[in-house]
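Report on the structure given below.
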Amino acid sequence: MKATCLVGSARANGSTAYLVDTIIKGMQESGIETYKYCIGNAHINFCHGCKKCYIDGKCVQQDDVEKIVSDILTSDYVVIAAPSYWADIPGQLKTFFDRNTPYGDTNPNRIMEPQKAIKGIAIAVRAGVRKEENELILNSIAHYYGHLGIDTIKRVSICETDSLEDLKSKHQAEIEELYLFTKSLIAES
């Protein structure tokens, strides 16, 4: 089994990355092969809006997007975790989503699509207390999953987390629950 995990943050070592690493640990202990990408470290250009991908199913740009999507579409599980940037997903993650037009179900000429059922986990992390803002992030991730044919099986909302220290001190129960959930995925398959 294979999982592709995306840290949808500009920071590769913050609270969002810590949650992804927790998931990866549980998955690896269950024998799932994992791939991790930090969107902030990936080379991802803005979409040009040229719609040439509607002609041949390919983007005219050459960067990290095709490799990441190839891993996503050949996975059994996909994890996307994003912090709240002004009550929404970070711009880097939005740019990645925008660049998935060649692979989405609205493209009549897409040449890459899932060959098996893929299950998705969506995670939102924010400093504030209003869970409604996290719902926007979780909905954005689930919307992305839907266009790629990925079934969202778990949504995790973590609030009151302005730093990694906040996450570790305030949310040990949620961290442990997430770890145990992902560690049990093989048994559920």
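If you're wondering about the labels, chains in the structure tokens are A, B, ... by order shown, residues count from 1 in each chain, ligands from 1 in order shown.
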Any chance you could tabulate, as a tab-separated table, the residues of segment 31-104 of chain A at most 7 Å from segment 143-155 of chain A with each one's nearest atom pair and distance in Å to one decimal, using only C-alpha atoms, in chain and rising number order?
```
residue	atom	partner	partner_atom	distance
A:Phe97	CA	A:Tyr144	CA	6.8
A:Tyr103	CA	A:Leu148	CA	6.9
A:Gly104	CA	A:His147	CA	5.0
```
Please identify every residue of segment 90-114 of chain A that has at least one atom no farther than 10 Å from an atom of segment 132-141 of chain A, counting only C-alpha atoms, and for each give the shortest atom pair and the distance in Å to one decimal, arranged by chain then increasing number, as a Markdown table.
```
| residue | atom | partner | partner_atom | distance |
| --- | --- | --- | --- | --- |
| A:Pro90 | CA | A:Ile137 | CA | 9.3 |
| A:Leu93 | CA | A:Ile141 | CA | 9.6 |
| A:Lys94 | CA | A:Ser140 | CA | 9.0 |
| A:Phe97 | CA | A:Ile141 | CA | 8.9 |
```
What's around Gly14 of chain A at 10 Å? Count only C-alpha atoms, leave out sequence neighbours fewer than 5 positions away in its own chain, and write the answer as a ChimeraX atom specification.
/A:7,9,19,83,162-165,167
Export of prior selection with all heavy atoms as a PDB file, in the first residue's frame:
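again-v3.pdb, freshly written:
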```
ATOM      1  N   VAL A   7       2.202  18.473   2.968  1.00  0.00           N
ATOM      2  CA  VAL A   7       2.186  19.552   3.953  1.00  0.00           C
ATOM      3  C   VAL A   7       1.853  20.801   3.157  1.00  0.00           C
ATOM      4  O   VAL A   7       2.684  21.301   2.401  1.00  0.00           O
ATOM      5  CB  VAL A   7       3.556  19.694   4.659  1.00  0.00           C
ATOM      6  CG1 VAL A   7       3.537  20.863   5.631  1.00  0.00           C
ATOM      7  CG2 VAL A   7       3.938  18.401   5.364  1.00  0.00           C
ATOM      8  N   SER A   9       1.750  23.856   3.639  1.00  0.00           N
ATOM      9  CA  SER A   9       2.236  25.038   4.343  1.00  0.00           C
ATOM     10  C   SER A   9       3.543  25.510   3.725  1.00  0.00           C
ATOM     11  O   SER A   9       4.262  24.735   3.098  1.00  0.00           O
ATOM     12  CB  SER A   9       2.472  24.679   5.817  1.00  0.00           C
ATOM     13  OG  SER A   9       3.123  25.719   6.506  1.00  0.00           O
ATOM     14  N   LEU A  19       1.820  17.168  12.301  1.00  0.00           N
ATOM     15  CA  LEU A  19       0.657  16.281  12.169  1.00  0.00           C
ATOM     16  C   LEU A  19       0.847  15.301  11.009  1.00  0.00           C
ATOM     17  O   LEU A  19       0.520  14.117  11.135  1.00  0.00           O
ATOM     18  CB  LEU A  19      -0.619  17.102  11.984  1.00  0.00           C
ATOM     19  CG  LEU A  19      -1.059  17.886  13.218  1.00  0.00           C
ATOM     20  CD1 LEU A  19      -2.156  18.870  12.864  1.00  0.00           C
ATOM     21  CD2 LEU A  19      -1.509  16.936  14.318  1.00  0.00           C
ATOM     22  N   PRO A  83      -2.475  24.783   7.079  1.00  0.00           N
ATOM     23  CA  PRO A  83      -2.754  25.786   8.100  1.00  0.00           C
ATOM     24  C   PRO A  83      -3.721  26.829   7.542  1.00  0.00           C
ATOM     25  O   PRO A  83      -3.911  26.912   6.332  1.00  0.00           O
ATOM     26  CB  PRO A  83      -1.376  26.401   8.358  1.00  0.00           C
ATOM     27  CG  PRO A  83      -0.694  26.310   7.035  1.00  0.00           C
ATOM     28  CD  PRO A  83      -1.191  25.024   6.420  1.00  0.00           C
ATOM     29  N   ASP A 162      -1.099  28.180  17.416  1.00  0.00           N
ATOM     30  CA  ASP A 162      -0.311  29.210  16.764  1.00  0.00           C
ATOM     31  C   ASP A 162       1.132  28.778  16.559  1.00  0.00           C
ATOM     32  O   ASP A 162       1.873  29.420  15.830  1.00  0.00           O
ATOM     33  CB  ASP A 162      -0.352  30.499  17.590  1.00  0.00           C
ATOM     34  CG  ASP A 162       0.190  31.686  16.841  1.00  0.00           C
ATOM     35  OD1 ASP A 162      -0.080  31.799  15.626  1.00  0.00           O
ATOM     36  OD2 ASP A 162       0.909  32.493  17.457  1.00  0.00           O
ATOM     37  N   SER A 163       1.512  27.669  17.195  1.00  0.00           N
ATOM     38  CA  SER A 163       2.898  27.197  17.103  1.00  0.00           C
ATOM     39  C   SER A 163       2.925  25.689  17.351  1.00  0.00           C
ATOM     40  O   SER A 163       1.947  25.102  17.817  1.00  0.00           O
ATOM     41  CB  SER A 163       3.770  27.895  18.153  1.00  0.00           C
ATOM     42  OG  SER A 163       3.359  27.504  19.454  1.00  0.00           O
ATOM     43  N   LEU A 164       4.062  25.107  17.071  1.00  0.00           N
ATOM     44  CA  LEU A 164       4.238  23.680  17.346  1.00  0.00           C
ATOM     45  C   LEU A 164       4.093  23.403  18.840  1.00  0.00           C
ATOM     46  O   LEU A 164       3.523  22.390  19.237  1.00  0.00           O
ATOM     47  CB  LEU A 164       5.599  23.204  16.826  1.00  0.00           C
ATOM     48  CG  LEU A 164       5.943  21.737  16.999  1.00  0.00           C
ATOM     49  CD1 LEU A 164       4.867  20.827  16.416  1.00  0.00           C
ATOM     50  CD2 LEU A 164       7.295  21.441  16.364  1.00  0.00           C
ATOM     51  N   GLU A 165       4.571  24.312  19.667  1.00  0.00           N
ATOM     52  CA  GLU A 165       4.441  24.146  21.121  1.00  0.00           C
ATOM     53  C   GLU A 165       2.964  24.128  21.532  1.00  0.00           C
ATOM     54  O   GLU A 165       2.570  23.342  22.393  1.00  0.00           O
ATOM     55  CB  GLU A 165       5.189  25.263  21.858  1.00  0.00           C
ATOM     56  CG  GLU A 165       6.698  25.207  21.713  1.00  0.00           C
ATOM     57  CD  GLU A 165       7.216  25.652  20.329  1.00  0.00           C
ATOM     58  OE1 GLU A 165       6.569  26.501  19.657  1.00  0.00           O
ATOM     59  OE2 GLU A 165       8.247  25.108  19.900  1.00  0.00           O
ATOM     60  N   LEU A 167       0.458  23.125  19.659  1.00  0.00           N
ATOM     61  CA  LEU A 167      -0.072  21.835  19.219  1.00  0.00           C
ATOM     62  C   LEU A 167       0.260  20.744  20.225  1.00  0.00           C
ATOM     63  O   LEU A 167      -0.621  20.000  20.659  1.00  0.00           O
ATOM     64  CB  LEU A 167       0.485  21.466  17.837  1.00  0.00           C
ATOM     65  CG  LEU A 167       0.045  20.113  17.291  1.00  0.00           C
ATOM     66  CD1 LEU A 167      -1.436  20.122  16.951  1.00  0.00           C
ATOM     67  CD2 LEU A 167       0.876  19.732  16.072  1.00  0.00           C
TER      68      LEU A 167
END
```
Contacts of Met1 of chain A at 9 Å (only C-alpha atoms; same-chain gap of 6+ positions) as a PyMOL selection string:
chain A and resi 31-34+75-77+186
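The residue that comes closest to Thr74 of chain A, out of A:Lys119, A:Lys168, A:Ala124, A:Ala12 and on the basis of only C-alpha atoms, is A:Lys119.
Distances here use only C-alpha atoms; by that measure, the residue among A:Arg110, A:Lys25, A:His171, A:Lys67 closest to Ser184 of chain A is A:Lys25.
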Write out as a ChimeraX atom specification which residues come within 9 Å of Cys5 of chain A when counting only C-alpha atoms, dropping same-chain ones fewer than 6 positions away.
/A:20-21,23-24,34-38,72,77-81
May I have the residues within 10 Å of Lys51 of chain A as an mmCIF file with all heavy atoms, in the first residue's frame, using only C-alpha atoms and disregarding those fewer than 6 positions away in the same chain?
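That gives us out.cif:
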```
data_model
loop_
_atom_site.group_PDB
_atom_site.id
_atom_site.type_symbol
_atom_site.label_atom_id
_atom_site.label_comp_id
_atom_site.auth_asym_id
_atom_site.auth_seq_id
_atom_site.Cartn_x
_atom_site.Cartn_y
_atom_site.Cartn_z
ATOM 1 N N GLY A 57 -4.467 16.991 -22.395
ATOM 2 C CA GLY A 57 -4.379 16.442 -21.049
ATOM 3 C C GLY A 57 -3.072 16.716 -20.330
ATOM 4 O O GLY A 57 -2.829 16.167 -19.265
ATOM 5 N N LYS A 58 -2.221 17.564 -20.903
ATOM 6 C CA LYS A 58 -0.920 17.856 -20.297
ATOM 7 C C LYS A 58 -0.768 19.356 -20.077
ATOM 8 O O LYS A 58 -1.240 20.155 -20.868
ATOM 9 C CB LYS A 58 0.224 17.373 -21.196
ATOM 10 C CG LYS A 58 0.298 15.882 -21.340
ATOM 11 C CD LYS A 58 1.525 15.507 -22.152
ATOM 12 C CE LYS A 58 2.192 14.325 -21.534
ATOM 13 N NZ LYS A 58 3.236 14.529 -20.622
ATOM 14 N N CYS A 59 -0.053 19.676 -19.020
ATOM 15 C CA CYS A 59 0.276 21.067 -18.750
ATOM 16 C C CYS A 59 1.517 21.445 -19.559
ATOM 17 O O CYS A 59 2.432 20.628 -19.726
ATOM 18 C CB CYS A 59 0.545 21.271 -17.259
ATOM 19 S SG CYS A 59 0.847 23.002 -16.822
ATOM 20 N N VAL A 60 1.557 22.683 -20.022
ATOM 21 C CA VAL A 60 2.706 23.142 -20.799
ATOM 22 C C VAL A 60 3.920 23.425 -19.901
ATOM 23 O O VAL A 60 5.034 23.539 -20.393
ATOM 24 C CB VAL A 60 2.370 24.412 -21.621
ATOM 25 C CG1 VAL A 60 1.283 24.108 -22.634
ATOM 26 C CG2 VAL A 60 1.978 25.572 -20.711
ATOM 27 N N THR A 101 -5.709 21.134 -13.051
ATOM 28 C CA THR A 101 -6.721 21.113 -14.109
ATOM 29 C C THR A 101 -6.472 20.000 -15.133
ATOM 30 O O THR A 101 -7.426 19.362 -15.581
ATOM 31 C CB THR A 101 -6.805 22.494 -14.792
ATOM 32 O OG1 THR A 101 -7.144 23.460 -13.788
ATOM 33 C CG2 THR A 101 -7.852 22.513 -15.884
ATOM 34 N N PRO A 102 -5.215 19.694 -15.501
ATOM 35 C CA PRO A 102 -5.018 18.595 -16.448
ATOM 36 C C PRO A 102 -5.489 17.232 -15.922
ATOM 37 O O PRO A 102 -5.766 16.331 -16.708
ATOM 38 C CB PRO A 102 -3.501 18.565 -16.658
ATOM 39 C CG PRO A 102 -3.029 19.928 -16.315
ATOM 40 C CD PRO A 102 -3.957 20.398 -15.226
ATOM 41 N N ASN A 107 -11.754 17.878 -16.976
ATOM 42 C CA ASN A 107 -10.950 17.917 -18.200
ATOM 43 C C ASN A 107 -11.315 16.700 -19.058
ATOM 44 O O ASN A 107 -11.004 15.567 -18.701
ATOM 45 C CB ASN A 107 -9.463 17.899 -17.870
ATOM 46 C CG ASN A 107 -8.591 18.106 -19.100
ATOM 47 O OD1 ASN A 107 -8.979 17.797 -20.212
ATOM 48 N ND2 ASN A 107 -7.399 18.611 -18.876
#
```
Could you pull out the residues in segment 1-183 of chain A that DSSP calls strand (DSSP E or B) from the backbone, as JSON, numbers by chain?
{"A": [2, 3, 4, 5, 6, 7, 33, 34, 35, 36, 37, 38, 77, 78, 79, 80, 81, 82, 83, 85, 88, 118, 119, 120, 121, 122, 123, 124, 125, 150, 151, 152, 153, 154, 155, 156, 157, 158]}
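From atom CA of Glu174 of chain A back to atom CA of Thr161 of chain A, the distance works out to 12.3 Å.
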Among segment 67-164 of chain A, which ones does DSSP assign to helix (DSSP H, G or I) (computed from the backbone)? Answer as a PDB file with C-alpha atoms, in the first residue's frame.
```pdb
ATOM      1  CA  LYS A  67       5.416  14.131 -10.156  1.00  0.00           C
ATOM      2  CA  ILE A  68       3.322  14.951  -7.072  1.00  0.00           C
ATOM      3  CA  VAL A  69       0.047  14.218  -8.891  1.00  0.00           C
ATOM      4  CA  SER A  70       1.478  10.976 -10.273  1.00  0.00           C
ATOM      5  CA  ASP A  71       2.223   9.864  -6.711  1.00  0.00           C
ATOM      6  CA  ILE A  72      -1.247  10.959  -5.565  1.00  0.00           C
ATOM      7  CA  LEU A  73      -3.051   9.084  -8.344  1.00  0.00           C
ATOM      8  CA  GLY A  91      -1.532  30.469  -1.552  1.00  0.00           C
ATOM      9  CA  GLN A  92       1.091  27.807  -2.259  1.00  0.00           C
ATOM     10  CA  LEU A  93      -1.499  25.044  -1.828  1.00  0.00           C
ATOM     11  CA  LYS A  94      -4.083  26.940  -3.883  1.00  0.00           C
ATOM     12  CA  THR A  95      -1.521  27.287  -6.681  1.00  0.00           C
ATOM     13  CA  PHE A  96      -0.972  23.509  -6.567  1.00  0.00           C
ATOM     14  CA  PHE A  97      -4.743  22.890  -6.708  1.00  0.00           C
ATOM     15  CA  ASP A  98      -5.058  25.306  -9.661  1.00  0.00           C
ATOM     16  CA  THR A 101      -6.721  21.113 -14.109  1.00  0.00           C
ATOM     17  CA  PRO A 102      -5.018  18.595 -16.448  1.00  0.00           C
ATOM     18  CA  TYR A 103      -5.867  15.772 -14.004  1.00  0.00           C
ATOM     19  CA  LYS A 131     -13.945  25.985  13.760  1.00  0.00           C
ATOM     20  CA  GLU A 132     -16.047  27.456  10.932  1.00  0.00           C
ATOM     21  CA  GLU A 133     -12.893  28.850   9.367  1.00  0.00           C
ATOM     22  CA  ASN A 134     -11.293  25.408   9.419  1.00  0.00           C
ATOM     23  CA  GLU A 135     -14.369  24.074   7.657  1.00  0.00           C
ATOM     24  CA  LEU A 136     -13.516  26.302   4.667  1.00  0.00           C
ATOM     25  CA  ILE A 137     -10.075  24.698   4.497  1.00  0.00           C
ATOM     26  CA  LEU A 138     -11.432  21.170   4.900  1.00  0.00           C
ATOM     27  CA  ASN A 139     -14.029  21.871   2.204  1.00  0.00           C
ATOM     28  CA  SER A 140     -11.312  23.127  -0.176  1.00  0.00           C
ATOM     29  CA  ILE A 141      -9.312  19.940   0.331  1.00  0.00           C
ATOM     30  CA  ALA A 142     -12.420  17.741  -0.049  1.00  0.00           C
ATOM     31  CA  HIS A 143     -13.353  19.670  -3.216  1.00  0.00           C
ATOM     32  CA  TYR A 144      -9.892  18.987  -4.639  1.00  0.00           C
ATOM     33  CA  TYR A 145     -10.206  15.310  -3.689  1.00  0.00           C
ATOM     34  CA  GLY A 146     -13.603  15.111  -5.387  1.00  0.00           C
ATOM     35  CA  HIS A 147     -12.254  16.313  -8.725  1.00  0.00           C
ATOM     36  CA  LEU A 148      -9.538  13.652  -8.617  1.00  0.00           C
ATOM     37  CA  LEU A 164       4.238  23.680  17.346  1.00  0.00           C
TER      38      LEU A 164
END
```
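Between atom CA of Ala17 of chain A and atom CA of His48 of chain A lies a distance of 28.9 Å.
Between Ala122 of chain A and the residues A:Ala82, A:Leu178, A:Ile44, A:Ile89, the shortest atom-to-atom distance, using only C-alpha atoms, involves A:Ala82.
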Distance query Ile158 of chain A at most 7 Å, only C-alpha atoms, self and fewer than 2 positions along chain excluded, as a PyMOL selection string
chain A and resi 124-126+156
